[in-house]
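Next comes data_11.txt, a file with compact mmCIF, C-alpha atoms.
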# COMPACT_ATOMS: atom_id res chain seq x y z
CA MET A 13 0.00 0.00 0.00
CA SER A 14 1.05 3.60 -0.49
CA ALA A 15 2.52 5.70 2.31
CA SER A 16 -0.71 7.75 2.35
CA PHE A 17 -2.95 4.75 3.17
CA GLU A 18 -2.35 1.54 5.07
CA GLU A 19 -4.65 -1.15 6.44
CA LEU A 20 -2.94 -2.07 9.70
CA ASP A 21 -5.14 -5.03 10.60
CA TYR A 22 -8.30 -6.86 9.54
CA GLN A 23 -10.02 -9.52 11.63
CA PRO A 24 -13.41 -11.30 11.63
CA THR A 25 -15.65 -10.84 14.68
CA PRO A 26 -19.15 -12.04 15.65
CA MET A 27 -20.45 -8.58 14.65
CA GLY A 28 -18.63 -8.57 11.30
CA ALA A 29 -15.12 -7.90 10.05
CA ILE A 30 -13.28 -5.16 11.91
CA SER A 31 -10.37 -3.27 10.42
CA LEU A 32 -7.87 -0.64 11.50
CA ARG A 33 -6.46 1.70 8.91
CA ARG A 34 -4.15 4.67 8.83
CA ARG A 35 -4.32 7.38 6.19
CA ARG A 36 -2.29 10.51 5.73
CA ASP A 37 -4.30 13.72 5.74
CA LEU A 38 -2.09 15.86 3.50
CA SER A 39 -4.02 19.07 4.11
CA ARG A 40 -3.37 18.84 7.88
CA GLY A 41 -0.07 16.99 7.78
CA ILE A 42 -1.29 14.32 10.22
CA ASP A 43 -1.97 10.60 10.31
CA VAL A 44 -5.64 9.73 10.78
CA TYR A 45 -6.55 6.40 12.40
CA GLU A 46 -9.93 4.85 11.65
CA ILE A 47 -11.77 1.74 12.82
CA LYS A 48 -14.37 0.20 10.52
CA LEU A 49 -16.89 -2.55 11.20
CA GLY A 50 -17.69 -4.00 7.81
CA ASP A 51 -18.23 -0.98 5.58
CA GLU A 52 -19.27 1.24 8.49
CA LEU A 53 -16.89 3.78 10.00
CA LEU A 54 -17.01 3.33 13.76
CA MET A 55 -14.53 5.98 14.85
CA SER A 56 -11.85 8.31 13.60
CA SER A 57 -9.03 10.13 15.33
CA LEU A 58 -10.29 13.28 13.59
CA PHE A 59 -13.31 13.31 15.91
CA THR A 60 -12.40 12.82 19.55
CA THR A 61 -13.89 15.88 21.31
CA ALA A 62 -17.04 14.18 22.57
CA GLU A 63 -15.17 11.03 23.66
CA ILE A 64 -12.84 13.19 25.75
CA GLU A 65 -15.78 15.18 27.14
CA LEU A 66 -17.43 11.94 28.26
CA ALA A 67 -14.54 11.42 30.67
CA ARG A 68 -14.08 15.06 31.61
CA LEU A 69 -17.75 15.72 32.41
CA GLY A 70 -18.26 12.39 34.14
CA LEU A 71 -15.32 12.86 36.48
CA ALA A 72 -16.01 16.57 37.06
CA ALA A 73 -19.24 15.55 38.77
CA LEU A 74 -17.34 13.53 41.38
CA PRO A 75 -15.69 14.87 44.55
CA GLY A 76 -12.74 13.35 46.32
CA ASN A 77 -9.73 11.26 45.37
CA ASP A 78 -8.88 7.61 44.74
CA LEU A 79 -11.57 7.37 42.08
CA GLU A 80 -12.26 3.93 40.63
CA VAL A 81 -13.55 4.08 37.07
CA VAL A 82 -14.83 1.74 34.36
CA VAL A 83 -14.85 2.64 30.67
CA GLY A 84 -17.08 0.48 28.49
CA GLY A 85 -15.56 0.43 25.00
CA LEU A 86 -11.85 0.98 24.32
CA GLY A 87 -11.92 2.14 20.70
CA LEU A 88 -9.08 4.50 19.86
CA GLY A 89 -8.49 5.10 23.58
CA TYR A 90 -9.35 8.78 23.92
CA THR A 91 -11.91 8.35 26.71
CA ALA A 92 -9.50 6.13 28.65
CA GLN A 93 -6.68 8.64 28.15
CA ALA A 94 -8.87 11.48 29.42
CA VAL A 95 -9.80 9.46 32.51
CA LEU A 96 -6.14 8.82 33.30
CA ALA A 97 -5.36 12.52 32.85
CA ASP A 98 -7.33 13.13 36.06
CA SER A 99 -4.80 12.69 38.86
CA ARG A 100 -7.59 11.71 41.28
CA VAL A 101 -8.13 8.43 39.42
CA SER A 102 -6.51 5.49 41.21
CA SER A 103 -7.72 2.70 38.92
CA LEU A 104 -9.30 2.28 35.49
CA VAL A 105 -10.84 -0.90 34.08
CA VAL A 106 -11.51 -0.73 30.33
CA VAL A 107 -13.97 -3.37 29.13
CA GLU A 108 -13.72 -4.16 25.41
CA ALA A 109 -15.63 -6.94 23.63
CA LEU A 110 -13.30 -7.27 20.63
CA PRO A 111 -9.88 -8.82 21.30
CA ALA A 112 -8.53 -7.18 18.15
CA VAL A 113 -9.01 -3.69 19.59
CA ILE A 114 -7.08 -4.57 22.77
CA ASP A 115 -4.40 -6.20 20.62
CA TRP A 116 -3.97 -3.02 18.55
CA HIS A 117 -3.24 -1.02 21.69
CA GLU A 118 -0.94 -3.64 23.18
CA ARG A 119 1.01 -3.84 19.91
CA GLN A 120 1.06 -0.03 19.79
CA LEU A 121 -0.54 0.12 16.36
CA LEU A 122 -2.54 3.05 17.73
CA PRO A 123 -0.97 6.31 18.96
CA LEU A 124 -2.34 6.02 22.51
CA GLY A 125 -1.44 2.35 22.96
CA ALA A 126 1.96 2.91 24.55
CA ALA A 127 0.70 5.35 27.18
CA LEU A 128 -2.38 3.32 28.09
CA THR A 129 -0.54 0.04 28.45
CA ALA A 130 2.27 1.65 30.44
CA ASP A 131 -0.01 3.29 33.01
CA VAL A 132 -0.17 0.99 36.04
CA ARG A 133 -3.62 2.32 36.93
CA CYS A 134 -5.10 1.02 33.66
CA ARG A 135 -6.18 -2.55 32.93
CA PHE A 136 -7.90 -3.93 29.83
CA VAL A 137 -10.59 -6.59 30.26
CA CYS A 138 -11.78 -8.51 27.20
CA GLY A 139 -15.50 -9.13 27.65
CA ASP A 140 -19.03 -8.21 26.68
CA PHE A 141 -19.80 -5.16 28.80
CA PHE A 142 -23.56 -5.71 28.65
CA ALA A 143 -23.35 -9.40 29.56
CA MET A 144 -21.00 -8.59 32.44
CA LEU A 145 -23.52 -6.08 33.81
CA ALA A 146 -26.20 -8.75 33.82
CA SER A 147 -24.01 -11.19 35.80
CA PRO A 148 -23.63 -9.95 39.39
CA ALA A 149 -21.31 -12.85 40.17
CA GLN A 150 -18.89 -11.67 37.48
CA GLY A 151 -19.38 -7.91 37.56
CA LEU A 152 -17.27 -5.43 35.63
CA ASP A 153 -14.00 -6.54 37.22
CA PRO A 154 -13.46 -10.30 36.89
CA THR A 155 -10.74 -10.13 39.56
CA SER A 156 -13.08 -8.67 42.20
CA ALA A 157 -16.68 -9.90 42.20
CA GLY A 158 -19.17 -7.34 43.44
CA ARG A 159 -16.77 -4.43 43.11
CA ARG A 160 -18.46 -1.03 42.76
CA PHE A 161 -17.12 2.05 41.00
CA ASP A 162 -17.24 5.82 41.27
CA ALA A 163 -17.95 6.18 37.55
CA VAL A 164 -18.99 3.96 34.67
CA LEU A 165 -18.50 5.68 31.30
CA VAL A 166 -19.84 3.98 28.17
CA ASP A 167 -19.04 4.54 24.50
CA ILE A 168 -20.05 1.40 22.61
CA ASP A 169 -23.19 1.90 20.50
CA HIS A 170 -23.95 4.80 18.18
CA SER A 171 -26.86 5.82 20.42
CA PRO A 172 -29.58 4.27 22.61
CA ARG A 173 -31.69 3.74 19.48
CA ASN A 174 -28.88 2.84 17.07
CA VAL A 175 -27.06 -0.13 18.57
CA LEU A 176 -24.30 -2.25 17.07
CA HIS A 177 -26.03 -5.49 18.03
CA ALA A 178 -29.63 -6.27 19.00
CA SER A 179 -28.46 -7.83 22.28
CA HIS A 180 -27.37 -4.36 23.47
CA ALA A 181 -30.84 -2.79 23.25
CA PRO A 182 -32.17 -3.93 26.68
CA PHE A 183 -29.40 -1.99 28.40
CA TYR A 184 -31.10 1.30 27.52
CA SER A 185 -34.32 0.40 29.34
CA PRO A 186 -35.01 1.15 33.02
CA HIS A 187 -34.33 -2.51 33.82
CA GLY A 188 -30.93 -2.39 32.09
CA LEU A 189 -30.01 0.89 33.75
CA ARG A 190 -30.89 -0.53 37.16
CA ARG A 191 -28.42 -3.32 36.45
CA LEU A 192 -25.76 -0.71 35.79
CA ALA A 193 -26.65 1.28 38.91
CA GLU A 194 -25.88 -1.82 41.00
CA HIS A 195 -22.23 -1.43 39.95
CA LEU A 196 -21.97 2.18 41.18
CA LYS A 197 -20.99 3.39 44.60
CA PRO A 198 -23.44 5.74 46.36
CA GLY A 199 -23.23 9.06 44.55
CA GLY A 200 -21.49 7.40 41.60
CA VAL A 201 -21.84 8.66 38.03
CA PHE A 202 -22.96 6.97 34.84
CA GLY A 203 -21.93 8.66 31.59
CA LEU A 204 -22.92 7.71 28.04
CA TRP A 205 -21.73 8.95 24.64
CA SER A 206 -24.34 9.14 21.87
CA ASN A 207 -24.01 10.26 18.28
CA ASP A 208 -27.66 11.36 18.19
CA ALA A 209 -29.51 14.36 19.61
CA PRO A 210 -30.91 14.04 23.15
CA ASP A 211 -33.56 11.31 23.25
CA ASP A 212 -36.61 12.04 25.42
CA ALA A 213 -37.46 8.36 25.94
CA PHE A 214 -33.95 7.55 27.13
CA ARG A 215 -33.89 10.60 29.37
CA ALA A 216 -37.13 9.38 30.95
CA ALA A 217 -35.57 5.94 31.51
CA LEU A 218 -32.57 7.55 33.21
CA ALA A 219 -34.83 9.66 35.43
CA GLU A 220 -36.69 6.54 36.52
CA VAL A 221 -33.49 5.00 37.86
CA PHE A 222 -31.09 7.78 38.91
CA ALA A 223 -31.35 10.63 41.39
CA THR A 224 -30.19 13.32 38.92
CA THR A 225 -29.77 13.28 35.14
CA ASP A 226 -28.54 15.58 32.40
CA ALA A 227 -27.95 15.56 28.64
CA ARG A 228 -25.20 17.81 27.29
CA VAL A 229 -24.86 18.56 23.57
CA ILE A 230 -21.21 18.71 22.49
CA THR A 231 -20.36 20.64 19.32
CA PHE A 232 -17.18 19.92 17.38
CA ARG A 233 -15.66 20.70 14.01
CA ASN A 234 -16.40 18.10 11.32
CA ALA A 235 -13.78 18.43 8.60
CA ARG A 236 -15.49 15.80 6.47
CA GLN A 237 -18.61 17.95 6.18
CA ASP A 238 -16.82 21.32 6.34
CA GLY A 239 -18.97 22.37 9.28
CA ASP A 240 -19.93 21.55 12.84
CA SER A 241 -21.38 18.31 14.16
CA THR A 242 -22.83 17.41 17.55
CA ALA A 243 -22.92 14.49 19.95
CA THR A 244 -24.71 14.01 23.26
CA ILE A 245 -23.22 13.14 26.62
CA TYR A 246 -25.75 11.75 29.09
CA LEU A 247 -24.86 12.03 32.78
CA ALA A 248 -26.72 10.38 35.63
CA ARG A 249 -25.91 10.22 39.32
CA HIS A 250 -26.70 7.41 41.72
CA ALA A 251 -28.52 8.44 44.90
CA ARG A 252 -26.22 9.05 47.83
CA GLY A 253 -26.44 6.76 50.81
CA ARG A 254 -27.83 3.78 48.93
CA ASP A 255 -26.30 0.36 49.50
Please, can you express the file's structure as structure tokens?
Amino acid sequence: MSASFEELDYQPTPMGAISLRRRRDLSRGIDVYEIKLGDELLMSSLFTTAEIELARLGLAALPGNDLEVVVGGLGLGYTAQAVLADSRVSSLVVVEALPAVIDWHERQLLPLGAALTADVRCRFVCGDFFAMLASPAQGLDPTSAGRRFDAVLVDIDHSPRNVLHASHAPFYSPHGLRRLAEHLKPGGVFGLWSNDAPDDAFRAALAEVFATTDARVITFRNARQDGDSTATIYLARHARGRD
């Protein structure tokens, strides 16, 4: 392949073939990393503002130190990197369903791989985030059953209505959100990235489960469309003093 485009890896998965590619953006003089699932672009290093804001806003809502955090969905690693940039974070578990994505970071095929794998606070767990939520005996940290966290930040599906696999859909119901709340400490925060505008039905589901909720619209420059695009960050806080 030419120096301006390279497919770094291509692997089959239960959801379809996943590929990692690097292309040179000559107008900006940078390398752009992209992950595709089949013919669908999942993520690009050109658009990371909302992924970073997911971590920043989620952690900003928490007081104190020694924060224990879960990120659901590793992707290009920008949410995980932003979590680790907060010096109050003592541990980060990143749950990723696709072994290939973890492998790309561990082999440092992605720019953030070296920093993430070198940070002793960060640990990758290969597993189905949604299935792990539904199994209290397993939980989100296979090494510590029943462990609860200060924040659980999720960036897996495109949105609550546009999921990558039908098995993910129940998570966005009140029942699924109650499952997630069981993994939060009192006062803990749930954050969710969505590519769509705020969804009233999902906001109602959040309000049914959590003490406080919010939906923040994040605006960022979209070079592909020569204009601005938006994403939504949902934030919800577990009631204080609950067991």
Polymer residues at most 10 Å from A:His170, all atoms listed in the file, same-chain spacing of 6 or more positions, as a compact mmCIF listing (two decimals) with C-alpha atoms, keeping the file's coordinate frame:
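What ended up in out38.txt:
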# COMPACT_ATOMS: atom_id res chain seq x y z
CA LEU A 54 -17.01 3.33 13.76
CA LEU A 176 -24.30 -2.25 17.07
CA TRP A 205 -21.73 8.95 24.64
CA SER A 206 -24.34 9.14 21.87
CA ASN A 207 -24.01 10.26 18.28
CA ASP A 208 -27.66 11.36 18.19
CA ALA A 243 -22.92 14.49 19.95
Q: For atom CA of A:Ala251 and atom CA of A:Gly203, determine how far apart the two atoms are, in Å to one decimal place.
A: 14.9 Å
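Excluding A:Ala126 itself and any same-chain residue fewer than 5 positions from it, the protein and nucleic acid residues within 12 Å of it, counting all atoms listed in the file, are Gly89, Gln93, Ile114, Asp115, Trp116, His117, Glu118, Arg119, Gln120, Leu121, Asp131, Val132 and Cys134 of chain A.
Take the candidates A:Val164, A:Ala143, A:Leu128, A:Ala209 and check each one against A:His180 using only C-alpha atoms; the shortest distance goes to A:Ala143.
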Find the residues of stretch 185-210 of chain A that sit at most 9 Å from stretch 215-228 of chain A; for each, write down the nearest two atoms and how far apart they are in Å, to one decimal. Count only C-alpha atoms. Sort by chain, then by number going up, and give it as a tab-separated table.
residue	atom	partner	partner_atom	distance
A:Ser185	CA	A:Ala217	CA	6.1
A:Pro186	CA	A:Ala217	CA	5.1
A:His187	CA	A:Val221	CA	8.6
A:Leu189	CA	A:Val221	CA	6.8
A:Arg190	CA	A:Val221	CA	6.2
A:Ala193	CA	A:Val221	CA	7.9
A:Gly199	CA	A:Ala223	CA	8.9
A:Pro210	CA	A:Ala227	CA	6.4
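Checking A:Arg133, A:Gln23, A:Ala62, A:Glu18 one by one against A:Pro111, counting all atoms listed in the file, you find the shortest gap at A:Gln23.
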Surrounding residues of A:Ser57 excluding itself and chain neighbours under 2 positions, 8 Å, only C-alpha atoms, as a PDB file with C-alpha atoms, in the coordinates of the input:
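Listing of selection-v2.pdb after writing:
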ATOM      1  CA  VAL A  44      -5.640   9.730  10.780  1.00  0.00           C
ATOM      2  CA  TYR A  45      -6.550   6.400  12.400  1.00  0.00           C
ATOM      3  CA  GLU A  46      -9.930   4.850  11.650  1.00  0.00           C
ATOM      4  CA  MET A  55     -14.530   5.980  14.850  1.00  0.00           C
ATOM      5  CA  PHE A  59     -13.310  13.310  15.910  1.00  0.00           C
ATOM      6  CA  THR A  60     -12.400  12.820  19.550  1.00  0.00           C
ATOM      7  CA  LEU A  88      -9.080   4.500  19.860  1.00  0.00           C
TER       8      LEU A  88
END
Q: Skip A:Pro172 itself and residues of its chain fewer than 4 positions away, then list as a list in words all residues within 8 Å of it, counting only C-alpha atoms.
A: Ala181, Tyr184, Ser206 and Phe214 of chain A
To test the calculation: enclose all listed atoms of stretch 216-222 of chain A in a box whose edges run along x, y and z, add 4 Å on each side, then state centre and edge lengths in Å to one decimal, as lines of an AutoDock Vina configuration file.
center_x = -34.1
center_y = 7.3
center_z = 34.9
size_x = 14.0
size_y = 12.7
size_z = 16.0
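Taking atom CA of A:Pro154 as the reference point, atom CA of A:Val137 is found at 8.1 Å.
Distance annotation: of A:Val105, A:Leu58, A:Ala112, A:Ala94, the residue with the minimal separation from A:Pro24 is A:Ala112; atom set is all atoms listed in the file.
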Rebuild stretch 135-157 of chain A so that it carries N, CA and C atoms, then output the result as a short mmCIF file (atom, residue, chain, number, x, y, z; two decimals), in the coordinates of the input.
data_model
loop_
_atom_site.label_atom_id
_atom_site.label_comp_id
_atom_site.auth_asym_id
_atom_site.auth_seq_id
_atom_site.Cartn_x
_atom_site.Cartn_y
_atom_site.Cartn_z
N ARG A 135 -6.15 -1.13 33.26
CA ARG A 135 -6.18 -2.55 32.93
C ARG A 135 -7.28 -2.80 31.90
N PHE A 136 -6.94 -3.54 30.85
CA PHE A 136 -7.90 -3.93 29.83
C PHE A 136 -8.54 -5.26 30.22
N VAL A 137 -9.85 -5.35 30.04
CA VAL A 137 -10.59 -6.59 30.26
C VAL A 137 -11.33 -6.91 28.97
N CYS A 138 -11.09 -8.08 28.41
CA CYS A 138 -11.78 -8.51 27.20
C CYS A 138 -13.09 -9.18 27.61
N GLY A 139 -14.20 -8.57 27.28
CA GLY A 139 -15.50 -9.13 27.65
C GLY A 139 -16.63 -8.31 27.10
N ASP A 140 -17.81 -8.88 27.12
CA ASP A 140 -19.03 -8.21 26.68
C ASP A 140 -19.55 -7.37 27.84
N PHE A 141 -19.42 -6.07 27.73
CA PHE A 141 -19.80 -5.16 28.80
C PHE A 141 -21.23 -5.41 29.25
N PHE A 142 -22.15 -5.57 28.31
CA PHE A 142 -23.56 -5.71 28.65
C PHE A 142 -23.83 -7.04 29.35
N ALA A 143 -23.19 -8.11 28.90
CA ALA A 143 -23.35 -9.40 29.56
C ALA A 143 -22.74 -9.38 30.95
N MET A 144 -21.64 -8.68 31.13
CA MET A 144 -21.00 -8.59 32.44
C MET A 144 -21.89 -7.83 33.43
N LEU A 145 -22.58 -6.80 32.95
CA LEU A 145 -23.52 -6.08 33.81
C LEU A 145 -24.61 -6.99 34.34
N ALA A 146 -25.06 -7.89 33.48
CA ALA A 146 -26.20 -8.75 33.82
C ALA A 146 -25.79 -9.93 34.70
N SER A 147 -24.50 -10.07 34.99
CA SER A 147 -24.01 -11.19 35.80
C SER A 147 -23.38 -10.66 37.08
N PRO A 148 -24.18 -10.51 38.14
CA PRO A 148 -23.63 -9.95 39.39
C PRO A 148 -22.43 -10.74 39.91
N ALA A 149 -22.42 -12.05 39.68
CA ALA A 149 -21.31 -12.85 40.17
C ALA A 149 -20.00 -12.48 39.49
N GLN A 150 -20.09 -12.05 38.22
CA GLN A 150 -18.89 -11.67 37.48
C GLN A 150 -18.59 -10.19 37.68
N GLY A 151 -19.57 -9.35 37.43
CA GLY A 151 -19.38 -7.91 37.56
C GLY A 151 -18.49 -7.36 36.47
N LEU A 152 -18.07 -6.12 36.64
CA LEU A 152 -17.27 -5.43 35.63
C LEU A 152 -15.77 -5.62 35.85
N ASP A 153 -15.40 -6.23 36.96
CA ASP A 153 -14.00 -6.54 37.22
C ASP A 153 -13.90 -8.02 37.58
N PRO A 154 -13.51 -8.86 36.62
CA PRO A 154 -13.46 -10.30 36.89
C PRO A 154 -12.56 -10.69 38.06
N THR A 155 -11.64 -9.82 38.45
CA THR A 155 -10.74 -10.13 39.56
C THR A 155 -11.34 -9.79 40.92
N SER A 156 -12.49 -9.11 40.93
CA SER A 156 -13.08 -8.67 42.20
C SER A 156 -14.60 -8.65 42.07
N ALA A 157 -15.23 -9.79 42.32
CA ALA A 157 -16.68 -9.90 42.20
C ALA A 157 -17.37 -8.93 43.14
#
